[in-house]
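Enquirer: My questions all concern the structure below.
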Amino acid sequence: MKNAMFMVAVFMMALFSSASLRAQVSFGDAVKFNDEWLFLQKDDSTAIQVSYDDSEWRKLRLPHDWSIEGQLSPSLASCTGYLPGGIAWYRKHFKITDDAARHYIYFEGVYNRSEVYLNGHLLGKRPNGYISFLYDMTPYLKEGDNVLSVRVDHSRYADSRWYTGSGIYRDVWLIAAPEIHLAQWGTGWYATSLTDRQATIAVDMEVQKHIATHEKLELSATLYDAAGKQVAQRRTRVSDGKEGITKETLTLKVTKPHRWNLNDPYLYTLKAELLSNGKRIDGCETKVGLRTLDFDPNKGFALNGNWMKVKGVCLHHDAGVLGAVVPPEVWERRLNNLKEIGVNAIRMSHNPHAPIVYDLCDQLGLLVMDEASDEWEFPKRKWIKGWNKGEPGFDGSFDFFEEWIEQDVTDMVRRDRNHPSIFLWSIGNEVDYPNDPYSHPILDGAQINQPMFGGYKPDAPDAMRIGVIAKRLAARVRAVDTSRPVTGALAGVVMSNETEYPDAVDVVGYNYTENRYDEDHATYPKRVIYGSENGSGLDAWYAVKNKEFIFGQFIWTGTDYLGESGAWPSRGLYTGLLDFGSFPKPRGYFRASLWSEKPVTYIGTYPIQARFKNSQRTFLSPDAWDIWNYDSSQEIRVVCYTNAPQARLLLNGKVVGDMKPYDEKSGIIYWDIPYQAGELKAEGCDTNGNIVSSYSIQSSGRPYALRVSADRTTLSYDRATVHLIVEIIDENGTIVKLGDNDITCTIEGPARLLGLEGSDNRDMSDYTDNHHRAFHGRLLTYVQTTGEKGQVRVKFTSPLLQGTEVLLNVK
């Protein structure tokens, strides 16, 4: 498959449409099953019994993450962000009111080691907390009251290198279906050819038959363009009426196809139907995107024949104060903010994410690397007291690896294969990290030149096992989908080069080993190489920009995330281009100056240290905040991040920093000036001196009042989430960016407070109440409607400051 063209025609769900949100459940009639659950945060094995008294249990609505409700504590593990795990039970009483022949329960994700019981009968166990799974409830359903009981065991809470959350943290669906229906994840699309004149699309459809039938079964596939006009249709007979699963393939031809791409993510609609004696008995509608992928060892990567650089970021699945329960609107804002600074690709680190994230990437035009796992047959180190400090723990997913990994990989690909955004399948992340756990004699060689790994450890697991497992998992991917390449994110490339791992995959990802690019390109000329995980330094980007054969990189990370924390106090890893609230940080603006195709200029400031003044060791920070409040005449370094060829600096309308050319070596223009209050402004200019972009910062007075803005004020009553940004301002309305006042939020009407996010990594105070300190003069508030219509009044107050409020209309 190496160097081949990969083509796919794929699906996306229309955001916020209840009908299309069911598309991930690709059969039957599906409804969300999130309301009226009961919760008990302790272990009680008798909770599987129908007669169990759960009247005192807490009532809640899913999704739910109990870890984020816990208290941060220095006695807990740093890898989890100092938040707890444990064991808990969920129960739900329900009645079946329709006359469908079969009923299923579908969980998008339960972290972790879940057991699901219906009326005391075990439906199944699924240890992987990131995998979606489905159970058939039909054999154990009864008339009247039914009881689902779900045990979630996250007692080994330090089982990951980052925050995972605990509980049923994604949506749950109830599905009603006939005895013969489309199989779950059984419908897949891929383009067998795609030109400007015509696209040929193969539609694979699986039929699940719980009974044999002599009736005439047919499958129909109809494609509609974005305007709703039918552009292709095909029907075929189901060849086998016996009980079991039957697979058929239909071929659609589309003239003058409109391609999906990053700037124009065009989507068709595919209507798939199952008919019995000419009558529809099942079906689903999904979105289809058409595009081609080319991977070449010398030219890199092309989308629709256009060679390009992948400007990617890695993302974990939490959202700071919200934990693992992240509403679609929060993901949408995050992805839009990343795209705004020039990001064009997302790496799902290091596990499958919620289905809505892929839908959004399809809709917004973002490439996706989907990834299966961070750990294989042996555990990695998990830091307990601080990042890379002290004695590590060794809990993890390794104990169920052999039993479940092939099924987990298969289910990831089957669930996600219809997304146009996905262009790579990753079978693992850093499973080859030298001596964590695998080792190889090559580690004693001088050429590795990385003493942090240490030398060869003969008692450690043999690194040759990596290649054996990689071949198994790559085969599982290709058994489902051959329209995209298989990859892996290699941390110990020198060691892995001694194994079969690089040859088991189609495209080889290098984590933080840019120094190997040239040597390995020469040694392995047929290998397609890219940066699967990279730091945000300029040299790492130039290694992509200046080498045609390296097609891209994925920065660690797109946003700050919980876990992998340093020593207390530290909520998480603070390397994101965006902060916990998805606001761009200074390094996000710096990245925009490198990646964005739009004009970019930003300025940040910090006091200059005497030892760097007029020194060859000039310190130029890519993390300078846009603050302009210092002591009078204090010498300040002003750094400018811009993609303009030159820039100048003005203070109160007067030039205080002469026009300077862009510095390729640092990516930063700077001036050293004495502080004077007022407006500081940088102007990015073209070679003729014309202003193409600018950025201003203003000195502020003391905190005086609060000001609030909402990303929208009219909301759906059905659990819509709004972002409210509260700012601390002075008497002139200028943001006080040094303000850290404690702000209280109160809500009147049909909405609830989801959380207050200040984005301060060192703030370890209580995040479960209705007040919090601002950070850099700002506090983000998440408010969600509760299912009723009406007016919502959200008030914000702070001692000694004028308060503010906003009215929301819920319809």
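Chain lettering (A, B, ...) mirrors the order of the structure tokens, residue numbering begins at 1 for each chain separately, and ligand numbering begins at 1 in order of display.
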Could you list, as JSON, numbers by chain, every residue within 7 Å of Gln698 (chain A), counting only C-alpha atoms and ignoring same-chain residues fewer than 4 positions away?

Expert: {"A": [628, 678, 679, 680]}

Enquirer: Near Gly228 (chain A), within 10 Å and counting only C-alpha atoms, which residues show up once chain neighbours fewer than 4 positions away are dropped, as a PyMOL selection string?

Expert: chain A and resi 223-224+268-269

Enquirer: Identify, with DSSP run on backbone atoms, the residues in region 102-199 of chain A assigned to strand (DSSP E or B), and express the list as a short mmCIF file (atom, residue, chain, number, x, y, z; two decimals) with N, CA and C atoms, in the first residue's frame.

Expert:
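Once written, selection.cif looks like this:
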```
data_model
loop_
_atom_site.label_atom_id
_atom_site.label_comp_id
_atom_site.auth_asym_id
_atom_site.auth_seq_id
_atom_site.Cartn_x
_atom_site.Cartn_y
_atom_site.Cartn_z
N ARG A 102 -36.66 -6.00 18.33
CA ARG A 102 -35.38 -6.05 19.05
C ARG A 102 -35.02 -4.67 19.59
N HIS A 103 -34.30 -4.70 20.73
CA HIS A 103 -33.87 -3.46 21.36
C HIS A 103 -32.41 -3.59 21.80
N TYR A 104 -31.66 -2.53 21.56
CA TYR A 104 -30.23 -2.51 21.86
C TYR A 104 -29.91 -1.30 22.73
N ILE A 105 -28.80 -1.39 23.44
CA ILE A 105 -28.26 -0.26 24.19
C ILE A 105 -26.86 0.00 23.67
N TYR A 106 -26.60 1.28 23.34
CA TYR A 106 -25.32 1.66 22.73
C TYR A 106 -24.66 2.72 23.58
N PHE A 107 -23.43 2.45 24.01
CA PHE A 107 -22.63 3.37 24.82
C PHE A 107 -21.51 3.94 23.96
N TYR A 111 -15.68 5.05 30.98
CA TYR A 111 -14.33 4.89 31.53
C TYR A 111 -14.40 4.43 32.98
N SER A 114 -16.08 -1.47 32.30
CA SER A 114 -17.51 -1.47 32.56
C SER A 114 -18.12 -2.86 32.47
N GLU A 115 -19.17 -3.05 33.25
CA GLU A 115 -20.02 -4.23 33.19
C GLU A 115 -21.46 -3.75 33.10
N VAL A 116 -22.23 -4.27 32.15
CA VAL A 116 -23.59 -3.82 31.94
C VAL A 116 -24.54 -4.99 32.17
N TYR A 117 -25.53 -4.78 33.05
CA TYR A 117 -26.51 -5.80 33.40
C TYR A 117 -27.91 -5.29 33.07
N LEU A 118 -28.76 -6.18 32.58
CA LEU A 118 -30.16 -5.88 32.36
C LEU A 118 -30.99 -6.88 33.14
N HIS A 121 -29.10 -9.77 34.43
CA HIS A 121 -28.34 -10.59 33.49
C HIS A 121 -27.18 -9.77 32.91
N LEU A 122 -26.02 -10.35 32.87
CA LEU A 122 -24.85 -9.67 32.30
C LEU A 122 -24.98 -9.57 30.79
N LEU A 123 -25.02 -8.35 30.26
CA LEU A 123 -25.01 -8.15 28.81
C LEU A 123 -23.60 -8.21 28.25
N GLY A 124 -22.61 -7.73 29.03
CA GLY A 124 -21.24 -7.77 28.56
C GLY A 124 -20.33 -6.90 29.40
N LYS A 125 -19.03 -7.07 29.15
CA LYS A 125 -17.99 -6.27 29.79
C LYS A 125 -17.14 -5.62 28.71
N ARG A 126 -16.72 -4.39 28.95
CA ARG A 126 -15.83 -3.72 28.01
C ARG A 126 -14.81 -2.92 28.81
N PHE A 133 -19.55 0.76 22.22
CA PHE A 133 -19.96 -0.63 22.18
C PHE A 133 -21.48 -0.74 22.27
N LEU A 134 -21.99 -1.89 21.81
CA LEU A 134 -23.42 -2.12 21.66
C LEU A 134 -23.78 -3.48 22.25
N TYR A 135 -24.92 -3.53 22.97
CA TYR A 135 -25.42 -4.80 23.49
C TYR A 135 -26.87 -5.00 23.05
N ASP A 136 -27.20 -6.25 22.75
CA ASP A 136 -28.57 -6.63 22.42
C ASP A 136 -29.30 -6.95 23.73
N ASN A 146 -38.05 -2.32 33.59
CA ASN A 146 -36.76 -2.95 33.33
C ASN A 146 -35.69 -2.13 34.02
N VAL A 147 -34.61 -2.79 34.41
CA VAL A 147 -33.54 -2.08 35.12
C VAL A 147 -32.20 -2.39 34.47
N LEU A 148 -31.56 -1.32 34.02
CA LEU A 148 -30.16 -1.41 33.58
C LEU A 148 -29.26 -1.05 34.75
N SER A 149 -28.23 -1.86 34.99
CA SER A 149 -27.24 -1.58 36.03
C SER A 149 -25.86 -1.60 35.38
N VAL A 150 -25.09 -0.56 35.61
CA VAL A 150 -23.77 -0.44 35.00
C VAL A 150 -22.74 -0.23 36.10
N ARG A 151 -21.80 -1.15 36.18
CA ARG A 151 -20.68 -1.01 37.12
C ARG A 151 -19.49 -0.45 36.37
N VAL A 152 -18.88 0.59 36.92
CA VAL A 152 -17.70 1.22 36.32
C VAL A 152 -16.56 1.14 37.33
N ASP A 153 -15.49 0.47 36.94
CA ASP A 153 -14.37 0.24 37.85
C ASP A 153 -13.15 1.03 37.41
N HIS A 154 -12.99 2.20 38.01
CA HIS A 154 -11.79 3.00 37.78
C HIS A 154 -10.99 3.08 39.08
N GLY A 167 -16.60 7.21 34.55
CA GLY A 167 -18.04 7.08 34.45
C GLY A 167 -18.54 6.96 33.03
N VAL A 172 -25.50 7.88 25.62
CA VAL A 172 -26.04 6.53 25.55
C VAL A 172 -27.28 6.58 24.66
N TRP A 173 -27.48 5.52 23.87
CA TRP A 173 -28.59 5.47 22.92
C TRP A 173 -29.39 4.19 23.10
N LEU A 174 -30.71 4.30 22.99
CA LEU A 174 -31.61 3.16 22.94
C LEU A 174 -32.05 2.97 21.49
N ILE A 175 -31.96 1.75 20.99
CA ILE A 175 -32.25 1.47 19.59
C ILE A 175 -33.34 0.42 19.48
N ALA A 176 -34.35 0.73 18.71
CA ALA A 176 -35.41 -0.22 18.39
C ALA A 176 -35.26 -0.63 16.94
N ALA A 177 -35.35 -1.95 16.65
CA ALA A 177 -35.10 -2.44 15.30
C ALA A 177 -35.92 -3.69 15.03
N ILE A 180 -34.75 -8.20 11.24
CA ILE A 180 -33.77 -8.09 10.15
C ILE A 180 -33.49 -6.60 9.97
N HIS A 181 -32.24 -6.22 10.11
CA HIS A 181 -31.90 -4.79 10.04
C HIS A 181 -30.48 -4.62 9.54
N LEU A 182 -30.11 -3.40 9.26
CA LEU A 182 -28.73 -3.08 8.90
C LEU A 182 -27.84 -3.33 10.12
N GLY A 188 -20.32 1.06 4.86
CA GLY A 188 -19.10 1.83 4.62
C GLY A 188 -19.01 2.26 3.16
N TRP A 189 -18.34 3.39 2.93
CA TRP A 189 -18.23 3.95 1.59
C TRP A 189 -16.77 4.26 1.26
N TYR A 190 -16.42 4.03 0.03
CA TYR A 190 -15.09 4.42 -0.42
C TYR A 190 -15.14 4.61 -1.93
N ALA A 191 -14.32 5.50 -2.42
CA ALA A 191 -14.28 5.79 -3.86
C ALA A 191 -13.27 4.87 -4.52
N THR A 192 -13.73 4.13 -5.51
CA THR A 192 -12.80 3.30 -6.27
C THR A 192 -12.10 4.11 -7.35
N SER A 193 -12.70 5.22 -7.76
CA SER A 193 -12.03 6.16 -8.66
C SER A 193 -12.65 7.53 -8.44
N LEU A 194 -11.85 8.56 -8.66
CA LEU A 194 -12.33 9.93 -8.48
C LEU A 194 -11.55 10.85 -9.40
N GLN A 198 -15.85 12.21 -13.06
CA GLN A 198 -16.73 11.19 -12.47
C GLN A 198 -16.11 10.58 -11.22
N ALA A 199 -16.98 10.24 -10.28
CA ALA A 199 -16.58 9.47 -9.10
C ALA A 199 -17.33 8.15 -9.11
#
```

Enquirer: Taking only C-alpha atoms into account, which of A:Ser155, A:Ser421, A:Ser51, A:Ser373 comes nearest Asp359 (chain A)?

Expert: A:Ser421

Enquirer: Can you work out which one of A:Asp730, A:Glu430, A:Glu498, A:Glu533 has the shortest atom-to-atom distance to Pro379 (chain A), counting only C-alpha atoms?

Expert: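 Residue with the minimum atom-to-atom distance to Pro379 (chain A): A:Glu430.
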
Enquirer: Can you list, as a list of chain:residue names, every protein, DNA or RNA residue that comes within 10 Å of Leu538 (chain A) when you count only C-alpha atoms, leaving out same-chain residues fewer than 5 positions away?

Expert: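 Returned residues: A:Ala543, A:Phe590, A:Arg591, A:Leu594, A:Pro622, A:Glu664, A:Lys665, A:Ser666, A:Gly667.
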
Enquirer: Can you tell me, as a list of chain:residue names, what residues are no more than 10 Å from Leu754 (chain A) when counting only C-alpha atoms, ignoring any on the same chain fewer than 4 positions away?

Expert: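 My list of contacting residues is A:Val321, A:Leu322, A:Val325, A:Thr721, A:Val722, A:Thr768, A:Asp769, A:Asn770, A:Thr781, A:Tyr782, A:Val783, A:Gln784, A:Thr785.
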
Enquirer: Print the selection's residues with N, CA and C atoms to a file, as a PDB file, in the first residue's frame.

Expert:
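Below is the file selection_12.pdb, written as the result:
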```pdb
ATOM      1  N   VAL A 321     -12.214  22.374  33.380  1.00  0.00           N
ATOM      2  CA  VAL A 321     -13.200  22.253  34.450  1.00  0.00           C
ATOM      3  C   VAL A 321     -14.345  21.304  34.098  1.00  0.00           C
ATOM      4  N   LEU A 322     -14.589  21.060  32.808  1.00  0.00           N
ATOM      5  CA  LEU A 322     -15.665  20.166  32.392  1.00  0.00           C
ATOM      6  C   LEU A 322     -15.247  18.702  32.453  1.00  0.00           C
ATOM      7  N   VAL A 325     -16.576  15.279  30.062  1.00  0.00           N
ATOM      8  CA  VAL A 325     -17.887  15.531  29.464  1.00  0.00           C
ATOM      9  C   VAL A 325     -17.814  16.857  28.727  1.00  0.00           C
ATOM     10  N   THR A 721     -25.356  24.546  25.014  1.00  0.00           N
ATOM     11  CA  THR A 721     -24.323  25.133  25.871  1.00  0.00           C
ATOM     12  C   THR A 721     -23.859  26.458  25.285  1.00  0.00           C
ATOM     13  N   VAL A 722     -23.767  27.471  26.132  1.00  0.00           N
ATOM     14  CA  VAL A 722     -23.320  28.794  25.722  1.00  0.00           C
ATOM     15  C   VAL A 722     -22.053  29.148  26.476  1.00  0.00           C
ATOM     16  N   THR A 768     -15.881  23.048  41.780  1.00  0.00           N
ATOM     17  CA  THR A 768     -17.238  22.500  41.768  1.00  0.00           C
ATOM     18  C   THR A 768     -18.290  23.491  42.239  1.00  0.00           C
ATOM     19  N   ASP A 769     -17.871  24.698  42.654  1.00  0.00           N
ATOM     20  CA  ASP A 769     -18.835  25.672  43.170  1.00  0.00           C
ATOM     21  C   ASP A 769     -19.134  26.727  42.116  1.00  0.00           C
ATOM     22  N   ASN A 770     -19.761  27.835  42.554  1.00  0.00           N
ATOM     23  CA  ASN A 770     -20.205  28.850  41.589  1.00  0.00           C
ATOM     24  C   ASN A 770     -19.373  30.130  41.642  1.00  0.00           C
ATOM     25  N   THR A 781     -17.283  31.082  31.430  1.00  0.00           N
ATOM     26  CA  THR A 781     -18.399  30.427  32.098  1.00  0.00           C
ATOM     27  C   THR A 781     -19.154  29.568  31.097  1.00  0.00           C
ATOM     28  N   TYR A 782     -19.381  28.312  31.457  1.00  0.00           N
ATOM     29  CA  TYR A 782     -20.179  27.409  30.640  1.00  0.00           C
ATOM     30  C   TYR A 782     -21.574  27.290  31.264  1.00  0.00           C
ATOM     31  N   VAL A 783     -22.607  27.610  30.499  1.00  0.00           N
ATOM     32  CA  VAL A 783     -23.987  27.501  30.956  1.00  0.00           C
ATOM     33  C   VAL A 783     -24.748  26.631  29.968  1.00  0.00           C
ATOM     34  N   GLN A 784     -25.566  25.701  30.496  1.00  0.00           N
ATOM     35  CA  GLN A 784     -26.312  24.769  29.651  1.00  0.00           C
ATOM     36  C   GLN A 784     -27.795  24.810  29.994  1.00  0.00           C
ATOM     37  N   THR A 785     -28.644  24.815  28.954  1.00  0.00           N
ATOM     38  CA  THR A 785     -30.083  24.781  29.176  1.00  0.00           C
ATOM     39  C   THR A 785     -30.500  23.410  29.715  1.00  0.00           C
TER      40      THR A 785
END
```
